[in-house]
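Containing mmCIF, C-alpha atoms: my_file.cif.
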```cif
data_input
#
loop_
_atom_site.label_atom_id
_atom_site.label_comp_id
_atom_site.auth_asym_id
_atom_site.auth_seq_id
_atom_site.Cartn_x
_atom_site.Cartn_y
_atom_site.Cartn_z
CA MET U 1 112.30 161.83 82.88
CA ILE U 2 112.71 159.13 80.19
CA GLU U 3 116.33 158.90 81.26
CA SER U 4 115.44 158.28 84.88
CA LEU U 5 112.68 155.77 84.05
CA SER U 6 115.18 153.67 82.12
CA ALA U 7 117.84 153.81 84.85
CA ALA U 8 118.63 150.29 86.07
CA THR U 9 118.11 151.23 89.72
CA TRP U 10 116.87 154.17 91.74
CA SER U 11 118.20 155.40 95.04
CA PRO U 12 116.80 153.33 97.94
CA TYR U 13 115.69 156.57 99.62
CA ILE U 14 113.65 157.62 96.56
CA VAL U 15 112.13 154.14 96.27
CA GLY U 16 111.33 154.09 99.99
CA ALA U 17 109.75 157.55 99.87
CA GLY U 18 107.69 156.40 96.88
CA ILE U 19 106.43 153.38 98.84
CA GLY U 20 105.60 155.70 101.75
CA ILE U 21 103.50 157.93 99.46
CA LEU U 22 101.88 154.82 97.94
CA ILE U 23 100.78 153.87 101.47
CA TRP U 24 99.23 157.35 101.96
CA MET U 25 97.13 156.54 98.90
CA THR U 26 96.11 153.04 100.07
CA PHE U 27 94.94 154.51 103.40
CA LEU U 28 93.17 157.44 101.75
CA LEU U 29 91.50 155.72 98.79
CA SER U 30 91.10 152.16 100.07
CA ASP U 31 91.10 152.52 103.88
CA ARG U 32 93.76 149.79 104.05
CA PRO U 33 97.44 149.29 104.80
CA LEU U 34 99.64 147.89 102.01
CA GLY U 35 100.40 144.18 102.40
CA ALA U 36 101.25 141.21 100.22
CA SER U 37 100.93 138.00 102.22
CA THR U 38 97.11 138.00 102.55
CA ALA U 39 96.91 137.55 98.77
CA TYR U 40 98.75 134.23 99.07
CA ALA U 41 96.31 132.98 101.70
CA LYS U 42 93.43 134.04 99.45
CA THR U 43 95.04 132.15 96.57
CA ALA U 44 95.34 129.03 98.74
CA GLY U 45 91.65 129.44 99.59
CA MET U 46 90.72 129.80 95.91
CA ILE U 47 92.55 126.57 95.07
CA GLU U 48 90.86 124.74 97.96
CA LYS U 49 87.54 126.17 96.82
CA ALA U 50 88.05 124.85 93.29
CA ILE U 51 88.54 121.39 94.81
CA SER U 52 85.77 121.54 97.40
CA ARG U 53 83.57 124.59 97.99
CA LYS U 54 81.93 122.94 101.01
CA LYS U 55 85.23 122.30 102.73
CA VAL U 56 86.32 125.94 102.34
CA GLU U 57 83.03 127.22 103.71
CA SER U 58 83.57 125.09 106.81
CA MET U 59 87.14 126.34 107.42
CA PRO U 60 87.27 129.18 109.99
CA TYR U 61 90.38 130.78 108.45
CA TYR U 62 88.72 131.33 105.08
CA ARG U 63 85.78 132.98 106.80
CA GLU U 64 88.23 135.58 108.09
CA VAL U 65 90.39 135.72 104.96
CA THR U 66 87.83 135.21 102.21
CA PRO U 67 89.06 133.53 99.02
CA THR U 68 87.88 136.34 96.73
CA ALA U 69 89.66 138.43 94.08
CA ASP U 70 89.27 141.72 95.97
CA TRP U 71 91.74 144.55 96.70
CA GLN U 72 93.96 142.38 98.87
CA TRP U 73 94.25 139.81 96.09
CA THR U 74 94.53 141.99 92.96
CA ILE U 75 97.54 143.70 94.49
CA LEU U 76 99.62 140.54 93.92
CA PRO U 77 99.17 140.22 90.13
CA GLY U 78 99.75 143.99 90.17
CA VAL U 79 103.18 143.56 91.80
CA ILE U 80 104.12 140.92 89.19
CA ILE U 81 103.11 143.31 86.39
CA GLY U 82 104.91 146.23 88.05
CA GLY U 83 108.09 144.19 88.41
CA PHE U 84 107.82 143.16 84.77
CA VAL U 85 107.25 146.70 83.50
CA SER U 86 110.12 148.07 85.58
CA ALA U 87 112.51 145.32 84.44
CA VAL U 88 111.57 145.89 80.78
CA VAL U 89 111.93 149.70 80.86
CA SER U 90 115.18 149.26 82.81
CA GLY U 91 116.46 146.78 80.23
CA THR U 92 117.15 144.26 83.02
CA PHE U 93 114.44 141.67 82.25
CA ASP U 94 116.18 138.32 82.21
CA LEU U 95 114.97 134.76 82.84
CA VAL U 96 117.14 133.52 85.70
CA SER U 97 116.67 130.26 87.62
CA VAL U 98 119.64 130.32 89.99
CA PRO U 99 120.74 133.70 91.42
CA PRO U 100 124.53 134.39 91.34
CA LEU U 101 125.13 134.23 95.12
CA PHE U 102 123.23 130.94 95.42
CA ALA U 103 125.10 129.47 92.43
CA ALA U 104 128.48 130.50 93.85
CA THR U 105 127.73 128.84 97.19
CA PHE U 106 125.57 125.79 96.39
CA GLY U 107 126.12 125.26 92.65
CA ALA U 108 124.05 126.16 89.60
CA ASP U 109 121.67 123.18 89.61
CA THR U 110 118.23 124.53 88.70
CA LEU U 111 116.20 121.74 90.30
CA PHE U 112 118.09 122.07 93.58
CA ARG U 113 117.49 125.85 93.66
CA PHE U 114 113.79 125.33 92.88
CA ALA U 115 113.47 122.74 95.68
CA VAL U 116 115.14 125.13 98.14
CA ALA U 117 112.94 128.03 96.98
CA LEU U 118 109.80 125.91 97.33
CA ALA U 119 110.79 124.82 100.85
CA GLY U 120 111.67 128.43 101.82
CA GLY U 121 108.35 129.64 100.44
CA ILE U 122 106.39 127.05 102.43
CA ILE U 123 108.19 128.00 105.66
CA MET U 124 107.70 131.72 104.95
CA GLY U 125 104.05 131.40 103.94
CA PHE U 126 103.30 129.58 107.17
CA GLY U 127 105.24 132.11 109.26
CA ALA U 128 103.64 135.10 107.55
CA ARG U 129 100.10 133.91 108.27
CA CYS U 130 101.07 132.94 111.81
CA ALA U 131 102.53 136.42 112.46
CA GLY U 132 99.62 138.09 110.61
CA GLY U 133 101.72 139.87 108.01
CA CYS U 134 104.95 140.08 106.07
CA THR U 135 107.76 142.51 105.30
CA SER U 136 105.25 144.91 103.73
CA GLY U 137 102.17 144.42 105.93
CA HIS U 138 104.06 144.39 109.23
CA GLY U 139 107.50 145.63 108.17
CA ILE U 140 106.35 148.87 106.55
CA SER U 141 102.57 149.44 106.86
CA GLY U 142 102.32 148.26 110.48
CA THR U 143 105.49 149.85 111.82
CA LEU U 144 104.53 153.23 110.35
CA GLN U 145 101.23 153.01 112.28
CA LEU U 146 103.40 152.45 115.38
CA SER U 147 101.91 148.98 115.92
CA ILE U 148 103.71 147.05 118.67
CA ALA U 149 103.03 143.71 116.96
CA SER U 150 104.58 145.03 113.75
CA TRP U 151 107.80 146.32 115.38
CA VAL U 152 108.17 143.01 117.24
CA ALA U 153 107.39 141.07 114.03
CA VAL U 154 109.94 142.93 111.90
CA ALA U 155 112.61 142.44 114.59
CA CYS U 156 111.82 138.70 114.53
CA PHE U 157 111.82 138.58 110.70
CA PHE U 158 115.36 139.96 110.68
CA ALA U 159 116.55 137.99 113.73
CA GLY U 160 115.36 134.74 112.13
CA GLY U 161 116.60 135.79 108.70
CA ILE U 162 120.07 136.88 109.85
CA LEU U 163 120.49 133.67 111.87
CA ALA U 164 119.33 131.39 109.04
CA ALA U 165 121.35 133.26 106.38
CA GLY U 166 124.45 133.05 108.58
CA MET U 167 123.94 129.32 109.03
CA LEU U 168 123.54 128.85 105.26
CA PHE U 169 126.30 131.14 103.98
CA GLY U 170 128.55 131.67 107.01
CA PHE U 171 128.44 134.82 109.12
CA ARG U 172 130.20 137.55 107.14
CA PHE U 173 129.82 140.58 109.37
CA PRO U 174 131.80 142.57 110.30
CA MET M 1 81.95 161.53 95.11
CA THR M 2 83.20 161.17 98.65
CA LEU M 3 86.05 159.02 99.91
CA GLU M 4 83.58 156.57 101.43
CA THR M 5 81.84 155.86 98.11
CA VAL M 6 85.21 155.08 96.52
CA ARG M 7 86.21 152.89 99.47
CA GLN M 8 82.97 150.90 99.30
CA ASN M 9 82.91 150.46 95.51
CA ARG M 10 84.15 146.88 95.12
CA PRO M 11 85.09 146.93 91.42
CA ALA M 12 86.87 150.27 91.89
CA GLN M 13 88.75 148.80 94.86
CA ALA M 14 89.79 145.69 92.94
CA ALA M 15 91.12 147.97 90.19
CA LEU M 16 92.87 150.20 92.73
CA GLY M 17 94.48 147.13 94.32
CA LEU M 18 95.87 146.15 90.94
CA LEU M 19 97.11 149.71 90.32
CA PHE M 20 98.72 150.00 93.77
CA GLY M 21 100.33 146.60 93.17
CA VAL M 22 101.78 147.76 89.83
CA VAL M 23 103.30 150.85 91.48
CA PHE M 24 104.61 148.76 94.39
CA GLY M 25 106.17 146.15 92.08
CA PHE M 26 107.69 148.87 89.91
CA LEU M 27 109.28 150.58 92.93
CA LEU M 28 110.57 147.32 94.44
CA GLN M 29 112.19 146.36 91.13
CA LYS M 30 113.71 149.84 90.64
CA GLY M 31 115.04 149.71 94.17
CA GLY M 32 116.92 146.50 93.41
CA VAL M 33 115.20 144.73 96.32
CA THR M 34 113.67 142.11 94.02
CA LEU M 35 117.16 140.63 93.64
CA TYR M 36 118.03 137.52 95.66
CA ASP M 37 121.62 138.73 96.08
CA VAL M 38 120.48 142.09 97.52
CA ILE M 39 118.10 140.45 100.02
CA LEU M 40 120.65 137.84 101.14
CA GLY M 41 123.20 140.67 101.26
CA GLN M 42 120.93 142.40 103.78
CA LEU M 43 120.50 139.26 105.90
CA LEU M 44 124.28 138.71 105.79
CA LEU M 45 124.66 142.39 106.84
CA VAL M 46 126.87 143.32 103.89
CA ASP M 47 124.30 145.29 101.80
CA PHE M 48 121.85 147.63 103.56
CA THR M 49 119.62 148.46 100.57
CA VAL M 50 116.59 146.64 102.04
CA VAL M 51 116.84 148.48 105.38
CA LYS M 52 117.29 151.84 103.59
CA VAL M 53 114.17 151.26 101.47
CA MET M 54 112.12 150.10 104.47
CA LEU M 55 113.18 152.90 106.81
CA SER M 56 112.60 155.58 104.15
CA ALA M 57 109.15 154.12 103.46
CA ILE M 58 108.30 154.02 107.18
CA LEU M 59 109.50 157.62 107.67
CA VAL M 60 107.53 159.11 104.78
CA GLY M 61 104.50 156.86 105.28
CA MET M 62 104.34 157.52 109.02
CA ILE M 63 104.37 161.30 108.69
CA GLY M 64 101.65 161.32 106.02
CA VAL M 65 99.39 158.72 107.62
CA HIS M 66 99.54 160.36 111.06
CA ALA M 67 98.96 163.83 109.57
CA MET M 68 95.93 162.54 107.63
CA ARG M 69 94.68 160.77 110.71
CA ALA M 70 94.94 163.97 112.76
CA ALA M 71 92.94 165.69 110.00
CA GLY M 72 90.27 162.96 110.24
CA LEU M 73 90.90 161.66 106.72
CA VAL M 74 92.12 158.14 107.48
CA ARG M 75 91.75 155.44 110.15
CA LEU M 76 94.56 153.28 111.50
CA HIS M 77 94.39 149.50 111.07
CA VAL M 78 96.36 147.95 113.90
CA ARG M 79 95.84 144.53 115.43
CA ALA M 80 97.27 143.51 118.78
CA GLY M 81 99.81 140.71 118.49
CA SER M 82 100.93 138.01 120.87
CA PHE M 83 104.16 136.24 121.71
CA GLY M 84 102.84 133.02 120.15
CA SER M 85 101.76 134.50 116.85
CA THR M 86 104.09 137.46 116.39
CA VAL M 87 107.38 136.18 117.81
CA VAL M 88 107.09 132.52 116.82
CA GLY M 89 105.55 133.36 113.43
CA GLY M 90 108.08 136.12 112.89
CA LEU M 91 111.06 133.83 113.52
CA ILE M 92 109.61 131.13 111.22
CA PHE M 93 109.05 133.83 108.57
CA GLY M 94 112.66 134.99 108.97
CA ALA M 95 114.02 131.48 108.45
CA GLY M 96 111.91 131.09 105.29
CA PHE M 97 112.99 134.58 104.17
CA ALA M 98 116.67 133.47 104.22
CA VAL M 99 115.98 130.12 102.53
CA LEU M 100 113.80 131.57 99.76
CA GLY M 101 115.72 134.84 99.43
CA TYR M 102 112.60 136.90 98.70
CA CYS M 103 109.67 138.05 100.82
CA PRO M 104 106.03 137.74 99.66
CA GLY M 105 106.01 141.17 97.94
CA THR M 106 109.51 141.07 96.46
CA ALA M 107 109.00 137.46 95.26
CA ALA M 108 106.14 138.69 93.05
CA GLY M 109 108.21 141.62 91.75
CA ALA M 110 111.16 139.29 91.15
CA ALA M 111 108.97 136.77 89.31
CA GLY M 112 107.75 139.63 87.09
CA SER M 113 111.33 140.60 86.30
CA GLY M 114 112.18 137.04 85.23
CA ALA M 115 113.37 135.26 88.38
CA LEU M 116 111.94 131.77 87.94
CA ASP M 117 113.06 130.65 91.41
CA ALA M 118 110.93 133.47 92.85
CA ALA M 119 107.91 132.13 90.95
CA VAL M 120 108.54 128.69 92.50
CA GLY M 121 108.87 130.41 95.87
CA MET M 122 105.46 132.08 95.34
CA ALA M 123 103.92 128.63 94.89
CA GLY M 124 105.61 127.62 98.14
CA ILE M 125 104.15 130.64 99.97
CA VAL M 126 100.65 129.65 98.78
CA ILE M 127 101.23 126.10 100.07
CA GLY M 128 102.56 127.40 103.41
CA ALA M 129 99.59 129.75 103.80
CA GLY M 130 97.26 126.84 102.93
CA ILE M 131 98.88 124.62 105.57
CA PHE M 132 98.43 127.41 108.13
CA ALA M 133 94.76 127.79 107.17
CA ARG M 134 94.23 124.05 107.70
CA LEU M 135 95.93 124.11 111.10
CA TYR M 136 94.45 127.47 112.16
CA PRO M 137 91.63 126.10 114.38
CA ALA M 138 94.09 123.84 116.25
CA LEU M 139 96.79 126.53 116.62
CA GLY M 140 94.64 129.18 118.31
CA LYS M 141 94.79 128.31 121.99
CA PRO M 142 98.12 126.46 122.21
CA LEU M 143 100.10 129.00 120.15
CA LEU M 144 98.47 132.07 118.63
CA ASP M 145 96.70 133.30 121.77
CA ARG M 146 99.71 132.79 124.04
CA GLY M 147 101.19 135.90 125.65
CA LYS M 148 99.01 138.65 124.23
CA PHE M 149 100.77 142.00 124.04
CA PRO M 150 99.52 144.58 126.58
CA ALA M 151 98.67 147.23 123.98
CA ALA M 152 98.20 147.58 120.23
CA THR M 153 100.33 150.67 119.60
CA LEU M 154 103.53 152.22 120.94
CA PRO M 155 101.82 155.53 121.94
CA GLU M 156 99.33 153.53 124.05
CA LEU M 157 102.12 151.48 125.62
CA PHE M 158 104.18 154.54 126.59
CA GLY M 159 101.18 156.76 127.34
CA VAL M 160 102.25 159.51 124.94
CA SER M 161 100.49 161.19 122.02
CA PRO M 162 100.78 159.51 118.58
CA GLY M 163 102.34 162.72 117.24
CA LEU M 164 105.11 162.70 119.85
CA MET M 165 105.79 158.99 119.29
CA ALA M 166 105.89 159.47 115.52
CA GLY M 167 108.33 162.35 115.99
CA ALA M 168 110.59 160.21 118.18
CA VAL M 169 110.53 157.33 115.67
CA ALA M 170 111.23 159.78 112.82
CA VAL M 171 114.33 161.07 114.64
CA MET M 172 115.47 157.49 115.31
CA ILE M 173 115.07 156.58 111.62
CA VAL M 174 117.01 159.65 110.43
CA VAL M 175 119.82 158.85 112.90
CA ILE M 176 120.02 155.21 111.70
CA LEU M 177 120.00 156.23 108.02
CA ALA M 178 122.70 158.86 108.70
CA ALA M 179 124.79 156.33 110.64
CA LEU M 180 124.55 153.78 107.79
CA ALA M 181 125.63 156.47 105.31
CA ALA M 182 128.48 157.62 107.59
CA LEU M 183 129.70 154.03 107.95
CA GLY M 184 129.59 153.63 104.17
CA LEU M 185 127.18 150.69 104.42
#
```

Rewrite the structure of this file - the entire thing - as structure tokens.
Amino acid sequence: MIESLSAATWSPYIVGAGIGILIWMTFLLSDRPLGASTAYAKTAGMIEKAISRKKVESMPYYREVTPTADWQWTILPGVIIGGFVSAVVSGTFDLVSVPPLFAATFGADTLFRFAVALAGGIIMGFGARCAGGCTSGHGISGTLQLSIASWVAVACFFAGGILAAGMLFGFRFP
Amino acid sequence: MTLETVRQNRPAQAALGLLFGVVFGFLLQKGGVTLYDVILGQLLLVDFTVVKVMLSAILVGMIGVHAMRAAGLVRLHVRAGSFGSTVVGGLIFGAGFAVLGYCPGTAAGAAGSGALDAAVGMAGIVIGAGIFARLYPALGKPLLDRGKFPAATLPELFGVSPGLMAGAVAVMIVVILAALAALGL
């Protein structure tokens, strides 16, 4: 057991099955699907609220997605902690600014990678809230409920992603 | 203590959210899907780890959730989408996914495992979500409400029982996973 906990990676099937069982628990104990992108919207609302409480109270979106540190928000610091714990027990924790594939294609300049990551995040954050979910909320939790919106969304996530990645790195398949 | 009292206990739920997040982040990191190279590898169709994790999660999750629903233990939470929100938003998300190289969940797991670019990406996602929130009242009619889907779930659309639909999707997932393994992808 100690051996397997310290393994650098687990089989994708085991990890996927674990996420599936985790979603049983979120439905059973919290009456919710598992999702990550709502937490970002709540964070944006919290920041706006710190600047102007009145403004946030007048914004329709934050009446639907309340800027409060509830279940849908605490999950996000949880994921950061979980990633940290896993990396530490795996012995793979490492501060990296530019991932190898990015460095090999666009160079190892940290500021350039950060600017690209920030731009990508802004585009993705907007798209996630527009589509009403992300790779976890739609891609796993929604599809497993046989939601039409979620199957369409995940197809669009990958269609957009494959197209954009091909334009950035060159199409490599087959 | 019944399930409902746990579900309505706010502090307990906030703690459960944190706990579920820790397990989720741990699994994502162990699966290798918090790595930029693995995610871009998936979008470049040379590494199918992301699809294997997702399909396995859907398969196991779907069977359990539908079984618990049939037993009256859980409710589904499905919202109807629309062309304007789901397709347009989904394609925008996909483009951002390729540029950032992480999705909202894996970015957090990656940041925890030391990827500083993922932490910057998380700040970007907050900004993007904030921009959407600002524009939300103006986007409703011209975009988000356009082309509403005719039904919320696949069983409703095809007029079959959820159990039958889940069975068909389960078979499809097993076939895809077997095909990926057979092709050595």

query: Can you list what the PyMOL selection byres ((chain U and resi 36) around 8) grabs from this structure, as a PyMOL selection string?
result: (chain U and resi 34-35+37-40+72+75-76+133-134+136-137) or (chain M and resi 104-105)

Restricting the output to C-alpha atoms, write the selected residues as a compact mmCIF listing (two decimals), in the frame of the given file.
```
# COMPACT_ATOMS: atom_id res chain seq x y z
CA LEU U 34 99.64 147.89 102.01
CA GLY U 35 100.40 144.18 102.40
CA SER U 37 100.93 138.00 102.22
CA THR U 38 97.11 138.00 102.55
CA ALA U 39 96.91 137.55 98.77
CA TYR U 40 98.75 134.23 99.07
CA GLN U 72 93.96 142.38 98.87
CA ILE U 75 97.54 143.70 94.49
CA LEU U 76 99.62 140.54 93.92
CA GLY U 133 101.72 139.87 108.01
CA CYS U 134 104.95 140.08 106.07
CA SER U 136 105.25 144.91 103.73
CA GLY U 137 102.17 144.42 105.93
CA PRO M 104 106.03 137.74 99.66
CA GLY M 105 106.01 141.17 97.94
```

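Using only C-alpha atoms for every distance, the candidate list U:Leu29, U:Ala44, U:Leu22, U:Ala108 yields U:Ala44 as the residue closest to M:Gly130.
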
message: I'd like the residues picked by the PyMOL selection byres ((chain M and resi 19) around 10) written out as an MDAnalysis selection string, using the chain letters and numbers from the file.
response: (chainID U and resid 71 74:75 77:79 81:82) or (chainID M and resid 13:18 20:25)

- request: List the residues selected by the PyMOL selection byres ((chain M and resi 144-153) around 8) in the file shown, writing them as a ChimeraX atom specification.
  value: /U:130,145-149 /M:78-85,139-143,154-157

- request: One decimal, Å: what's the distance from atom CA of U:Phe27 over to atom CA of U:Thr68, could you say?
  value: 20.6 Å

- prompt: So which residues touch stretch 170-174 of chain M within 9 Å, counting only C-alpha atoms, skipping near sequence neighbours fewer than 4 positions away, as number ranges by chain?
  reply: M: 55-56, 58-60, 62-63, 165-166, 178-179

query: Which residues, written as JSON, numbers by chain, have at least one atom at most 9 Å from M:Ala111, with all atoms listed in the file counted and residues fewer than 3 positions away on the same chain left out?
result: {"U": [80, 83, 84], "M": [34, 106, 107, 108, 114, 115, 116, 117, 118, 119, 120, 122]}

query: Hey, can you check how far atom CA of M:Ala133 sits from atom CA of M:Gln8?
result: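 Going from atom CA of M:Ala133 over to atom CA of M:Gln8, I get 27.1 Å.
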
Expected answer as a PyMOL selection string: all residues with atoms within 8 Å of (105.7, 141.8, 112.0), all atoms listed in the file: (chain U and resi 131-135+137-139+142+149-157) or (chain M and resi 86+90)

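One finds atom CA of U:Gly125 at 15.6 Å from atom CA of U:Met46.
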
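Minimum distance to M:Phe26 across M:Gly109, M:Ile176, M:His77, M:Gly159 (counting all atoms listed in the file) occurs at M:Gly109.
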
Residues near M:Ile127, cut-off 10 Å, all atoms listed in the file, skip fewer than 4 positions along chain, as a VMD selection string: (chain U and resid 40 to 41 43 to 44 118 to 119 121 to 126) or (chain M and resid 121 to 123 131 to 133)
